[in-house]
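Shown here: coords02.cif, mmCIF, C-alpha atoms and all ligand atoms.
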data_protein
#
loop_
_atom_site.label_atom_id
_atom_site.label_comp_id
_atom_site.auth_asym_id
_atom_site.auth_seq_id
_atom_site.Cartn_x
_atom_site.Cartn_y
_atom_site.Cartn_z
CA MET D 9 13.25 -1.87 -26.28
CA GLU D 10 13.18 -3.83 -29.54
CA LYS D 11 9.84 -5.00 -30.95
CA GLN D 12 10.10 -8.61 -32.13
CA THR D 13 7.61 -11.22 -33.39
CA GLN D 14 3.88 -10.82 -32.94
CA LEU D 15 2.71 -13.21 -30.22
CA TYR D 16 -1.02 -12.57 -30.49
CA GLU D 17 -3.59 -10.53 -32.34
CA GLY D 18 -6.78 -9.89 -30.40
CA LYS D 19 -9.89 -7.93 -31.26
CA ALA D 20 -8.53 -4.58 -30.07
CA LYS D 21 -4.80 -5.04 -29.57
CA LYS D 22 -1.73 -6.86 -30.83
CA VAL D 23 0.94 -8.20 -28.50
CA PHE D 24 4.62 -8.37 -29.52
CA ALA D 25 7.64 -10.04 -27.94
CA THR D 26 10.63 -7.85 -27.08
CA ASP D 27 14.33 -8.49 -26.48
CA ASP D 28 13.44 -8.81 -22.78
CA PRO D 29 11.47 -12.02 -22.06
CA ARG D 30 9.76 -10.34 -19.09
CA ARG D 31 8.28 -7.56 -21.24
CA VAL D 32 5.87 -7.34 -24.17
CA ILE D 33 4.68 -4.45 -26.32
CA VAL D 34 0.94 -3.96 -26.76
CA SER D 35 -0.23 -2.12 -29.84
CA TYR D 36 -3.74 -0.68 -29.80
CA LYS D 37 -5.92 -0.94 -32.94
CA ASP D 38 -8.89 1.13 -34.10
CA ASP D 39 -10.92 -2.09 -34.60
CA ALA D 40 -14.05 -2.38 -32.50
CA THR D 41 -16.19 -5.44 -31.87
CA ALA D 42 -19.25 -6.09 -29.76
CA PHE D 43 -21.55 -8.97 -28.88
CA ASN D 44 -18.76 -11.56 -28.82
CA GLY D 45 -17.37 -10.42 -32.18
CA GLU D 46 -20.71 -10.45 -34.03
CA LYS D 47 -20.67 -6.68 -34.62
CA LYS D 48 -17.48 -5.35 -36.18
CA GLY D 49 -16.32 -1.86 -37.10
CA THR D 50 -13.62 0.72 -36.63
CA ILE D 51 -13.53 3.80 -34.46
CA ALA D 52 -11.07 6.32 -35.94
CA GLY D 53 -8.39 7.26 -33.41
CA LYS D 54 -9.60 4.77 -30.79
CA GLY D 55 -6.30 2.87 -30.53
CA ALA D 56 -4.34 5.98 -29.59
CA ILE D 57 -7.06 7.22 -27.21
CA ASN D 58 -7.34 3.91 -25.37
CA ASN D 59 -3.57 3.56 -25.11
CA VAL D 60 -3.00 7.05 -23.71
CA MET D 61 -6.02 6.96 -21.40
CA SER D 62 -5.29 3.48 -20.06
CA ASN D 63 -1.67 4.42 -19.32
CA HIS D 64 -2.82 7.59 -17.55
CA LEU D 65 -5.20 5.59 -15.33
CA PHE D 66 -2.60 2.88 -14.65
CA ARG D 67 -0.10 5.56 -13.51
CA LEU D 68 -2.77 7.01 -11.23
CA LEU D 69 -3.52 3.56 -9.80
CA GLU D 70 0.20 2.87 -9.25
CA GLN D 71 0.40 6.14 -7.29
CA GLN D 72 -2.45 4.81 -5.15
CA GLY D 73 -0.60 1.55 -4.46
CA VAL D 74 -2.21 -0.74 -7.05
CA ARG D 75 0.34 -2.97 -8.85
CA THR D 76 -0.17 -2.87 -12.63
CA HIS D 77 1.63 -4.23 -15.69
CA PHE D 78 2.38 -0.70 -16.99
CA ILE D 79 6.04 0.09 -17.74
CA GLU D 80 6.45 2.73 -20.44
CA GLN D 81 4.49 4.32 -23.28
CA LEU D 82 6.48 4.10 -26.53
CA SER D 83 4.24 6.00 -28.92
CA ASP D 84 0.62 7.06 -29.24
CA ARG D 85 -0.45 3.44 -29.86
CA GLU D 86 2.29 1.34 -28.27
CA THR D 87 3.18 0.57 -24.67
CA VAL D 88 5.71 -1.67 -22.96
CA VAL D 89 4.10 -3.76 -20.23
CA GLU D 90 5.24 -6.52 -17.94
CA LYS D 91 4.46 -9.87 -19.56
CA VAL D 92 1.98 -11.78 -17.44
CA ALA D 93 0.00 -15.00 -17.62
CA ILE D 94 -3.53 -13.63 -17.84
CA VAL D 95 -5.98 -15.10 -15.32
CA PRO D 96 -8.83 -16.10 -17.67
CA LEU D 97 -11.46 -14.08 -15.83
CA GLU D 98 -13.22 -10.87 -16.80
CA VAL D 99 -13.70 -9.07 -13.52
CA ILE D 100 -16.65 -6.68 -13.71
CA VAL D 101 -17.34 -4.04 -11.07
CA ARG D 102 -20.59 -2.08 -11.18
CA ASN D 103 -21.87 1.01 -9.38
CA VAL D 104 -25.00 1.51 -11.45
CA ALA D 105 -27.23 -1.03 -13.26
CA ALA D 106 -26.57 -1.11 -17.01
CA GLY D 107 -26.02 -3.48 -19.91
CA SER D 108 -26.24 -7.19 -19.17
CA PHE D 109 -27.00 -6.62 -15.46
CA ALA D 110 -30.03 -4.44 -16.22
CA LYS D 111 -31.27 -6.97 -18.78
CA ARG D 112 -30.60 -10.15 -16.77
CA TYR D 113 -32.17 -8.94 -13.53
CA GLY D 114 -34.87 -6.70 -14.99
CA VAL D 115 -33.55 -3.50 -13.41
CA GLU D 116 -33.90 -0.16 -15.11
CA GLU D 117 -30.61 1.06 -16.57
CA GLY D 118 -29.30 3.91 -14.44
CA THR D 119 -30.42 2.50 -11.06
CA ALA D 120 -27.59 3.22 -8.61
CA PHE D 121 -26.54 0.51 -6.13
CA ALA D 122 -26.14 1.13 -2.40
CA ALA D 123 -22.76 -0.62 -2.64
CA PRO D 124 -20.67 -1.70 -5.65
CA THR D 125 -21.06 -5.24 -7.03
CA ILE D 126 -18.56 -7.62 -8.57
CA GLU D 127 -18.98 -10.52 -10.97
CA PHE D 128 -16.77 -12.78 -13.04
CA SER D 129 -16.94 -14.13 -16.56
CA TYR D 130 -14.86 -17.02 -17.78
CA LYS D 131 -12.66 -15.45 -20.50
CA ASN D 132 -13.30 -17.97 -23.25
CA ASP D 133 -14.41 -16.70 -26.68
CA ALA D 134 -15.60 -20.14 -27.85
CA LEU D 135 -18.03 -20.29 -24.92
CA GLY D 136 -19.02 -16.61 -25.21
CA ASP D 137 -17.40 -15.55 -21.89
CA PRO D 138 -20.03 -17.17 -19.61
CA LEU D 139 -20.82 -15.69 -16.18
CA ILE D 140 -19.25 -17.79 -13.39
CA ASN D 141 -18.83 -17.55 -9.63
CA THR D 142 -15.64 -17.94 -7.60
CA TYR D 143 -16.46 -21.59 -6.75
CA HIS D 144 -16.65 -22.31 -10.49
CA ALA D 145 -13.34 -20.49 -11.00
CA LEU D 146 -11.75 -22.67 -8.30
CA ALA D 147 -13.30 -25.85 -9.72
CA LEU D 148 -11.97 -24.98 -13.18
CA GLY D 149 -8.53 -24.25 -11.71
CA LEU D 150 -8.52 -20.71 -13.12
CA ALA D 151 -7.10 -19.17 -9.93
CA THR D 152 -6.42 -20.06 -6.31
CA GLN D 153 -8.55 -18.95 -3.37
CA ALA D 154 -5.82 -16.51 -2.32
CA GLU D 155 -5.57 -15.10 -5.85
CA LEU D 156 -9.35 -14.64 -6.02
CA GLU D 157 -9.25 -12.73 -2.72
CA THR D 158 -6.48 -10.47 -4.05
CA ILE D 159 -8.39 -9.92 -7.29
CA LYS D 160 -11.61 -8.97 -5.47
CA ARG D 161 -9.90 -6.65 -3.01
CA THR D 162 -7.90 -4.96 -5.78
CA ALA D 163 -10.92 -4.59 -8.06
CA PHE D 164 -12.89 -2.75 -5.35
CA ARG D 165 -9.85 -0.57 -4.59
CA VAL D 166 -9.55 0.29 -8.31
CA ASN D 167 -13.23 1.22 -8.23
CA GLU D 168 -12.70 3.62 -5.30
CA VAL D 169 -9.75 5.33 -6.97
CA LEU D 170 -11.43 5.59 -10.37
CA CYS D 171 -14.83 6.72 -9.04
CA ALA D 172 -13.17 9.58 -7.14
CA TYR D 173 -11.04 10.47 -10.16
CA PHE D 174 -13.87 10.45 -12.73
CA ASP D 175 -16.01 12.45 -10.35
CA THR D 176 -13.51 15.33 -10.68
CA LEU D 177 -14.12 15.16 -14.47
CA ASN D 178 -17.91 15.30 -13.99
CA VAL D 179 -18.12 11.68 -15.14
CA ARG D 180 -20.02 8.83 -13.50
CA LEU D 181 -18.17 5.50 -13.54
CA VAL D 182 -21.11 3.14 -14.14
CA ASP D 183 -19.22 -0.14 -14.56
CA PHE D 184 -15.98 -1.56 -15.95
CA LYS D 185 -14.09 -4.74 -16.74
CA LEU D 186 -10.63 -5.61 -15.41
CA GLU D 187 -8.17 -8.38 -16.22
CA PHE D 188 -5.43 -9.57 -13.91
CA GLY D 189 -2.25 -11.53 -14.59
CA ARG D 190 0.54 -13.38 -12.83
CA THR D 191 4.07 -12.05 -13.17
CA ALA D 192 7.06 -14.39 -13.44
CA ASP D 193 7.25 -14.55 -9.62
CA GLY D 194 3.52 -15.24 -9.26
CA THR D 195 2.43 -11.79 -8.13
CA ILE D 196 -1.09 -10.82 -9.21
CA VAL D 197 -1.06 -7.49 -11.07
CA LEU D 198 -3.67 -5.47 -12.91
CA ALA D 199 -3.22 -5.98 -16.69
CA ASP D 200 -4.93 -5.38 -20.05
CA GLU D 201 -6.54 -1.91 -20.34
CA ILE D 202 -8.97 0.55 -18.77
CA SER D 203 -10.55 2.65 -21.50
CA PRO D 204 -13.91 3.68 -22.97
CA ASP D 205 -13.93 0.19 -24.54
CA THR D 206 -13.98 -1.42 -21.09
CA CYS D 207 -15.88 1.11 -18.95
CA ARG D 208 -19.28 2.76 -19.01
CA LEU D 209 -18.76 6.49 -18.47
CA TRP D 210 -21.71 8.88 -18.28
CA ASP D 211 -21.57 12.66 -18.10
CA LYS D 212 -22.87 13.51 -14.61
CA THR D 213 -24.90 16.51 -15.76
CA THR D 214 -26.42 15.35 -19.04
CA GLY D 215 -26.18 11.56 -18.71
CA GLU D 216 -24.50 11.48 -22.13
CA LYS D 217 -22.65 8.22 -22.79
CA LEU D 218 -18.91 8.70 -23.34
CA ASP D 219 -18.01 5.07 -24.06
CA LYS D 220 -18.35 2.06 -26.35
CA ASP D 221 -22.11 1.78 -25.82
CA ARG D 222 -22.41 4.45 -28.55
CA PHE D 223 -20.88 1.87 -30.93
CA ARG D 224 -22.74 -1.16 -29.51
CA ARG D 225 -26.09 0.64 -29.74
CA ASN D 226 -25.49 2.50 -33.04
CA MET D 227 -25.98 5.85 -31.32
CA GLY D 228 -23.58 7.86 -33.51
CA GLY D 229 -21.02 10.34 -32.22
CA VAL D 230 -18.68 7.49 -31.29
CA GLU D 231 -15.40 9.21 -32.24
CA GLN D 232 -16.52 12.47 -30.59
CA ALA D 233 -17.35 10.65 -27.35
CA TYR D 234 -13.90 9.00 -27.23
CA GLN D 235 -12.28 12.39 -27.94
CA GLU D 236 -14.37 14.06 -25.25
CA ILE D 237 -13.42 11.59 -22.53
CA LEU D 238 -9.75 11.75 -23.56
CA SER D 239 -9.69 15.55 -23.38
CA ARG D 240 -11.30 15.48 -19.92
CA VAL D 241 -8.74 12.94 -18.71
CA MET D 242 -5.73 14.66 -20.26
CA GLY D 243 -6.98 18.21 -19.70
CA GLN D 244 -6.19 17.99 -16.01
P1 LIG G 301 -9.07 -10.10 -26.91
O1 LIG G 301 -8.08 -11.19 -26.68
O2 LIG G 301 -10.24 -10.20 -25.95
O3 LIG G 301 -9.52 -9.96 -28.32
P2 LIG G 301 -7.31 -7.72 -27.03
O4 LIG G 301 -7.51 -7.46 -28.48
O5 LIG G 301 -7.35 -6.57 -26.11
O6 LIG G 301 -8.38 -8.75 -26.43
O7 LIG G 301 -5.94 -8.47 -26.94
C1 LIG G 301 -5.00 -8.24 -25.96
C2 LIG G 301 -4.64 -9.56 -25.30
O8 LIG G 301 -3.48 -9.37 -24.49
C3 LIG G 301 -5.74 -10.07 -24.39
O9 LIG G 301 -5.91 -11.46 -24.58
C4 LIG G 301 -5.21 -9.75 -22.99
O10 LIG G 301 -5.70 -10.65 -22.04
C5 LIG G 301 -3.70 -9.89 -23.20
N1 LIG G 301 -2.87 -9.12 -22.26
C6 LIG G 301 -3.17 -7.94 -21.66
N2 LIG G 301 -2.16 -7.52 -20.88
C7 LIG G 301 -1.19 -8.46 -20.97
C8 LIG G 301 0.12 -8.61 -20.39
N3 LIG G 301 0.60 -7.71 -19.54
N4 LIG G 301 0.83 -9.72 -20.70
C9 LIG G 301 0.34 -10.65 -21.55
N5 LIG G 301 -0.87 -10.56 -22.14
C10 LIG G 301 -1.63 -9.48 -21.87
N1 LIG G 302 -16.96 -5.34 -20.73
C1 LIG G 302 -15.77 -5.45 -21.42
N2 LIG G 302 -15.53 -6.58 -22.14
C2 LIG G 302 -16.42 -7.59 -22.22
C3 LIG G 302 -17.64 -7.48 -21.53
C4 LIG G 302 -17.88 -6.34 -20.79
O1 LIG G 302 -14.94 -4.55 -21.35
O2 LIG G 302 -16.13 -8.60 -22.90
C5 LIG G 302 -17.24 -4.13 -19.93
C6 LIG G 302 -18.30 -3.25 -20.57
O3 LIG G 302 -17.71 -2.24 -21.36
C7 LIG G 302 -18.99 -2.65 -19.38
C8 LIG G 302 -18.84 -3.70 -18.27
O4 LIG G 302 -17.78 -4.53 -18.69
O5 LIG G 302 -18.31 -1.47 -18.97
C9 LIG G 302 -20.08 -4.50 -18.02
O6 LIG G 302 -20.53 -5.04 -19.22
P1 LIG G 302 -21.88 -5.91 -19.30
O7 LIG G 302 -21.71 -7.14 -18.52
O8 LIG G 302 -23.04 -5.05 -18.97
O9 LIG G 302 -21.89 -6.42 -20.78
P2 LIG G 302 -22.42 -5.81 -22.13
O10 LIG G 302 -23.69 -5.08 -21.84
O11 LIG G 302 -21.30 -4.94 -22.59
O12 LIG G 302 -22.58 -7.05 -22.96
#
This entry written out as structure tokens:
Amino acid sequence: MEKQTQLYEGKAKKVFATDDPRRVIVSYKDDATAFNGEKKGTIAGKGAINNVMSNHLFRLLEQQGVRTHFIEQLSDRETVVEKVAIVPLEVIVRNVAAGSFAKRYGVEEGTAFAAPTIEFSYKNDALGDPLINTYHALALGLATQAELETIKRTAFRVNEVLCAYFDTLNVRLVDFKLEFGRTADGTIVLADEISPDTCRLWDKTTGEKLDKDRFRRNMGGVEQAYQEILSRVMGQ
């Protein structure tokens, strides 16, 4: 697979064309941002950790019948994925109140829900990724009703698989963000990444945060937390 011109540089990854128009190479960076790009930094080794961990979780999800964009890991930072047209929605599933949910609704962080919740943000940096509902998504033409149903069903299925998996690592999956895309034939598949950048992961015994909140909240021990979650995931 030949890496060709860079198509896009995002906050955490670069995307390259390949000699196959149906495939792209994603290259994970150590750059970290938070609060819509206001806070910037680097987390040493993050790119490789997120790449390897995301690929591991995508393989697990594929085994459980979830269609993903994952094709082949090329190196510690680079992966070949199916090129998709990203649905401009950030799909957030939560099991426990944290972050913006805790703040917006005045709920103490750490409050567990009786059943998981889902919400959508419009993926639009200029607007600061505003919260929207599925009627708004339809009105804006971001996805069809059928696609939204597939996205919701798949997101909850991903939650079931990942909750059970992280439980075996003594980790609580608090919340996470997913992105979906359309393949050339219009199939909705899980895309982007699942990593400590996009999940909240708490040690079940100590409550220790093993995710990007350590960076967002200037808690220190960021690199160690990423290493710790990687070794739990890969140690199995
Ligand atoms: P951002 O754009 O938010 O800064 P990244 O730095 O992670 O995010 O950049 C990666 C970009 O690649 C994102 O815009 C993401 O939606 C997009 N992307 C993820 N998976 C695929 C894929 N399979 N095909 C095409 N684009 C993808
Ligand atoms: N998230 C993400 N990208 C975003 C916004 C959120 O990956 O642009 C993830 C975040 O890591 C967390 C979950 O989605 O696991 C819920 O985030 P929340 O809405 O609480 O936002 P935050 O507190 O991060 O602003």
Interatomic distance, atom O1 of ligand LIG 302 (chain G) to CA of Ile57 in chain D (Å, one decimal): 15.3 Å
Site check for ligand LIG 302 (chain G): residues at most 6 Å away, only C-alpha atoms and all ligand atoms, as a PyMOL selection string: chain D and resi 100+106-109+183-185+205-208
Please save C-alpha atoms of the selected residues as a CSV table (one decimal), in the frame of the given file.
chain,number,residue,atom,x,y,z
D,100,ILE,CA,-16.6,-6.7,-13.7
D,106,ALA,CA,-26.6,-1.1,-17.0
D,107,GLY,CA,-26.0,-3.5,-19.9
D,108,SER,CA,-26.2,-7.2,-19.2
D,109,PHE,CA,-27.0,-6.6,-15.5
D,183,ASP,CA,-19.2,-0.1,-14.6
D,184,PHE,CA,-16.0,-1.6,-16.0
D,185,LYS,CA,-14.1,-4.7,-16.7
D,205,ASP,CA,-13.9,0.2,-24.5
D,206,THR,CA,-14.0,-1.4,-21.1
D,207,CYS,CA,-15.9,1.1,-19.0
D,208,ARG,CA,-19.3,2.8,-19.0
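Taking CA of Asn178 in chain D as the reference point, CA of Thr214 in chain D is found at 9.9 Å.
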Protein and nucleic acid residues within 6 Å of ligand LIG 301 (chain G) (all atoms listed in the file) as a VMD selection string: chain D and resid 18 to 22 77 89 to 94 199 to 200
Who sits within 7 Å of Val182 in chain D, only C-alpha atoms, same chain under 5 positions skipped, as an mmCIF file with C-alpha atoms, keeping the file's coordinate frame:
data_model
loop_
_atom_site.group_PDB
_atom_site.id
_atom_site.type_symbol
_atom_site.label_atom_id
_atom_site.label_comp_id
_atom_site.auth_asym_id
_atom_site.auth_seq_id
_atom_site.Cartn_x
_atom_site.Cartn_y
_atom_site.Cartn_z
ATOM 1 C CA ARG D 102 -20.590 -2.080 -11.180
ATOM 2 C CA ASN D 103 -21.870 1.010 -9.380
ATOM 3 C CA VAL D 104 -25.000 1.510 -11.450
ATOM 4 C CA ARG D 208 -19.280 2.760 -19.010
ATOM 5 C CA LEU D 209 -18.760 6.490 -18.470
#
Shell around Val74 in chain D at 8 Å using all atoms listed in the file, local window under 3 positions removed, as a list of chain:residue names: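 So the residues in contact are D:Leu69, D:Glu70, D:Gln71, D:Thr162, D:Val166, D:Val197, D:Leu198.
Minimum distance to Leu146 in chain D across D:Asn44, D:Leu97, D:Ala163, D:Ser203 (counting all atoms listed in the file) occurs at D:Leu97.
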I'd like the contact shell of range 131-143 of chain D - 12 Å cut-off, only C-alpha atoms, skipping same-chain residues fewer than 4 positions apart - returned as an mmCIF file with C-alpha atoms, keeping the file's coordinate frame.
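selection38.cif, freshly written:
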data_model
loop_
_atom_site.group_PDB
_atom_site.id
_atom_site.type_symbol
_atom_site.label_atom_id
_atom_site.label_comp_id
_atom_site.auth_asym_id
_atom_site.auth_seq_id
_atom_site.Cartn_x
_atom_site.Cartn_y
_atom_site.Cartn_z
ATOM 1 C CA GLY D 18 -6.780 -9.890 -30.400
ATOM 2 C CA LYS D 19 -9.890 -7.930 -31.260
ATOM 3 C CA ALA D 42 -19.250 -6.090 -29.760
ATOM 4 C CA PHE D 43 -21.550 -8.970 -28.880
ATOM 5 C CA ASN D 44 -18.760 -11.560 -28.820
ATOM 6 C CA GLY D 45 -17.370 -10.420 -32.180
ATOM 7 C CA GLU D 46 -20.710 -10.450 -34.030
ATOM 8 C CA ILE D 94 -3.530 -13.630 -17.840
ATOM 9 C CA VAL D 95 -5.980 -15.100 -15.320
ATOM 10 C CA PRO D 96 -8.830 -16.100 -17.670
ATOM 11 C CA LEU D 97 -11.460 -14.080 -15.830
ATOM 12 C CA GLU D 98 -13.220 -10.870 -16.800
ATOM 13 C CA VAL D 99 -13.700 -9.070 -13.520
ATOM 14 C CA ILE D 100 -16.650 -6.680 -13.710
ATOM 15 C CA SER D 108 -26.240 -7.190 -19.170
ATOM 16 C CA PHE D 109 -27.000 -6.620 -15.460
ATOM 17 C CA ARG D 112 -30.600 -10.150 -16.770
ATOM 18 C CA ILE D 126 -18.560 -7.620 -8.570
ATOM 19 C CA GLU D 127 -18.980 -10.520 -10.970
ATOM 20 C CA ALA D 147 -13.300 -25.850 -9.720
ATOM 21 C CA LEU D 148 -11.970 -24.980 -13.180
ATOM 22 C CA GLY D 149 -8.530 -24.250 -11.710
ATOM 23 C CA LEU D 150 -8.520 -20.710 -13.120
ATOM 24 C CA ALA D 151 -7.100 -19.170 -9.930
ATOM 25 C CA THR D 152 -6.420 -20.060 -6.310
ATOM 26 C CA GLN D 153 -8.550 -18.950 -3.370
ATOM 27 C CA ALA D 154 -5.820 -16.510 -2.320
ATOM 28 C CA GLU D 155 -5.570 -15.100 -5.850
ATOM 29 C CA LEU D 156 -9.350 -14.640 -6.020
ATOM 30 C CA GLU D 157 -9.250 -12.730 -2.720
ATOM 31 C CA ILE D 159 -8.390 -9.920 -7.290
ATOM 32 C CA LYS D 160 -11.610 -8.970 -5.470
ATOM 33 C CA LYS D 185 -14.090 -4.740 -16.740
ATOM 34 C CA LEU D 186 -10.630 -5.610 -15.410
ATOM 35 C CA GLU D 187 -8.170 -8.380 -16.220
ATOM 36 C CA PHE D 188 -5.430 -9.570 -13.910
#
Among listed residues D:Glu86, D:Asp39, D:Gly49, D:Lys217, nearest Gly229 in chain D (using all atoms listed in the file):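 Under the stated criterion, the closest residue is D:Lys217.
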Spatial sel., origin (-19.3, 8.8, -12.3), limit 7 Å, only C-alpha atoms, listed as a list in words: Cys171, Phe174, Asp175, Asn178, Val179, Arg180, Leu181, Val182, Leu209, Trp210 and Lys212 of chain D
How would you write as a PDB file with C-alpha atoms, in the coordinates of the input the residues that get within 9 Å of (4.2, -6.4, -36.1) in the file's frame, counting only C-alpha atoms?
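So point-v8.pdb came out as:
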ATOM      1  CA  LYS D  11       9.840  -5.000 -30.950  1.00  0.00           C
ATOM      2  CA  GLN D  12      10.100  -8.610 -32.130  1.00  0.00           C
ATOM      3  CA  THR D  13       7.610 -11.220 -33.390  1.00  0.00           C
ATOM      4  CA  GLN D  14       3.880 -10.820 -32.940  1.00  0.00           C
ATOM      5  CA  LYS D  22      -1.730  -6.860 -30.830  1.00  0.00           C
ATOM      6  CA  VAL D  23       0.940  -8.200 -28.500  1.00  0.00           C
ATOM      7  CA  PHE D  24       4.620  -8.370 -29.520  1.00  0.00           C
ATOM      8  CA  SER D  35      -0.230  -2.120 -29.840  1.00  0.00           C
TER       9      SER D  35
END
Length of the CA of Val169 in chain D to CA of Thr76 in chain D vector [Å]: 13.8 Å
Top pick for closest residue to Arg222 in chain D, considering D:Leu177, D:Arg85, D:Ile51, D:Ala123 and counting only C-alpha atoms: D:Ile51
Selected residue of minimal separation from Pro204 in chain D among D:Thr191, D:Gln232, D:Ser129, D:Thr176, counting all atoms listed in the file: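 Nearest candidate to Pro204 in chain D out of D:Thr191, D:Gln232, D:Ser129, D:Thr176: D:Gln232.
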Among the residues D:Val34, D:Ala40, D:Ser62, D:Phe78, the one that comes closest to Leu15 in chain D [using only C-alpha atoms]: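 Among the listed residues, the smallest separation from Leu15 in chain D belongs to D:Val34.
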Nearest-residue call for Gly243 in chain D, choices D:Lys47, D:His64, D:Arg225, D:Arg75, using only C-alpha atoms: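 Looking only at the distances to Gly243 in chain D, the closest residue turns out to be D:His64.
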Within 9 Å of Glu10 in chain D using only C-alpha atoms, minus same-chain residues under 3 positions, as a ChimeraX atom specification: /D:25-28
Taking the partial coordinates given, rebuild range 209-215 of chain D to contain all heavy atoms; return it as an mmCIF file, in the coordinates of the input.
data_model
loop_
_atom_site.group_PDB
_atom_site.id
_atom_site.type_symbol
_atom_site.label_atom_id
_atom_site.label_comp_id
_atom_site.auth_asym_id
_atom_site.auth_seq_id
_atom_site.Cartn_x
_atom_site.Cartn_y
_atom_site.Cartn_z
ATOM 1 N N LEU D 209 -19.068 5.162 -19.015
ATOM 2 C CA LEU D 209 -18.760 6.490 -18.470
ATOM 3 C C LEU D 209 -19.858 7.433 -18.915
ATOM 4 O O LEU D 209 -20.046 7.638 -20.119
ATOM 5 C CB LEU D 209 -17.396 6.946 -19.015
ATOM 6 C CG LEU D 209 -16.215 6.014 -18.681
ATOM 7 C CD1 LEU D 209 -15.018 6.290 -19.585
ATOM 8 C CD2 LEU D 209 -15.819 6.173 -17.215
ATOM 9 N N TRP D 210 -20.600 7.979 -17.966
ATOM 10 C CA TRP D 210 -21.710 8.880 -18.280
ATOM 11 C C TRP D 210 -21.416 10.269 -17.754
ATOM 12 O O TRP D 210 -21.003 10.417 -16.596
ATOM 13 C CB TRP D 210 -23.020 8.368 -17.639
ATOM 14 C CG TRP D 210 -23.502 7.031 -18.124
ATOM 15 C CD1 TRP D 210 -22.975 6.259 -19.126
ATOM 16 C CD2 TRP D 210 -24.627 6.301 -17.603
ATOM 17 N NE1 TRP D 210 -23.697 5.102 -19.264
ATOM 18 C CE2 TRP D 210 -24.718 5.093 -18.342
ATOM 19 C CE3 TRP D 210 -25.562 6.541 -16.592
ATOM 20 C CZ2 TRP D 210 -25.707 4.133 -18.096
ATOM 21 C CZ3 TRP D 210 -26.546 5.585 -16.346
ATOM 22 C CH2 TRP D 210 -26.617 4.407 -17.100
ATOM 23 N N ASP D 211 -21.696 11.288 -18.587
ATOM 24 C CA ASP D 211 -21.570 12.660 -18.100
ATOM 25 C C ASP D 211 -22.527 12.842 -16.925
ATOM 26 O O ASP D 211 -23.711 12.463 -17.010
ATOM 27 C CB ASP D 211 -21.880 13.663 -19.214
ATOM 28 C CG ASP D 211 -21.730 15.091 -18.727
ATOM 29 O OD1 ASP D 211 -22.714 15.642 -18.182
ATOM 30 O OD2 ASP D 211 -20.625 15.634 -18.864
ATOM 31 N N LYS D 212 -22.042 13.425 -15.825
ATOM 32 C CA LYS D 212 -22.870 13.510 -14.610
ATOM 33 C C LYS D 212 -24.023 14.486 -14.764
ATOM 34 O O LYS D 212 -25.056 14.330 -14.112
ATOM 35 C CB LYS D 212 -22.004 13.929 -13.408
ATOM 36 C CG LYS D 212 -21.099 12.810 -12.935
ATOM 37 C CD LYS D 212 -20.442 13.127 -11.620
ATOM 38 C CE LYS D 212 -21.253 12.565 -10.470
ATOM 39 N NZ LYS D 212 -20.458 12.569 -9.205
ATOM 40 N N THR D 213 -23.846 15.495 -15.604
ATOM 41 C CA THR D 213 -24.900 16.510 -15.760
ATOM 42 C C THR D 213 -25.944 16.070 -16.774
ATOM 43 O O THR D 213 -27.139 16.094 -16.492
ATOM 44 C CB THR D 213 -24.279 17.852 -16.200
ATOM 45 O OG1 THR D 213 -23.200 18.164 -15.324
ATOM 46 C CG2 THR D 213 -25.320 18.957 -16.187
ATOM 47 N N THR D 214 -25.485 15.632 -17.936
ATOM 48 C CA THR D 214 -26.420 15.350 -19.040
ATOM 49 C C THR D 214 -26.758 13.871 -19.167
ATOM 50 O O THR D 214 -27.713 13.514 -19.862
ATOM 51 C CB THR D 214 -25.795 15.789 -20.379
ATOM 52 O OG1 THR D 214 -24.619 14.983 -20.614
ATOM 53 C CG2 THR D 214 -25.402 17.254 -20.359
ATOM 54 N N GLY D 215 -25.973 13.007 -18.556
ATOM 55 C CA GLY D 215 -26.180 11.560 -18.710
ATOM 56 C C GLY D 215 -25.622 11.020 -20.020
ATOM 57 O O GLY D 215 -25.727 9.825 -20.300
#
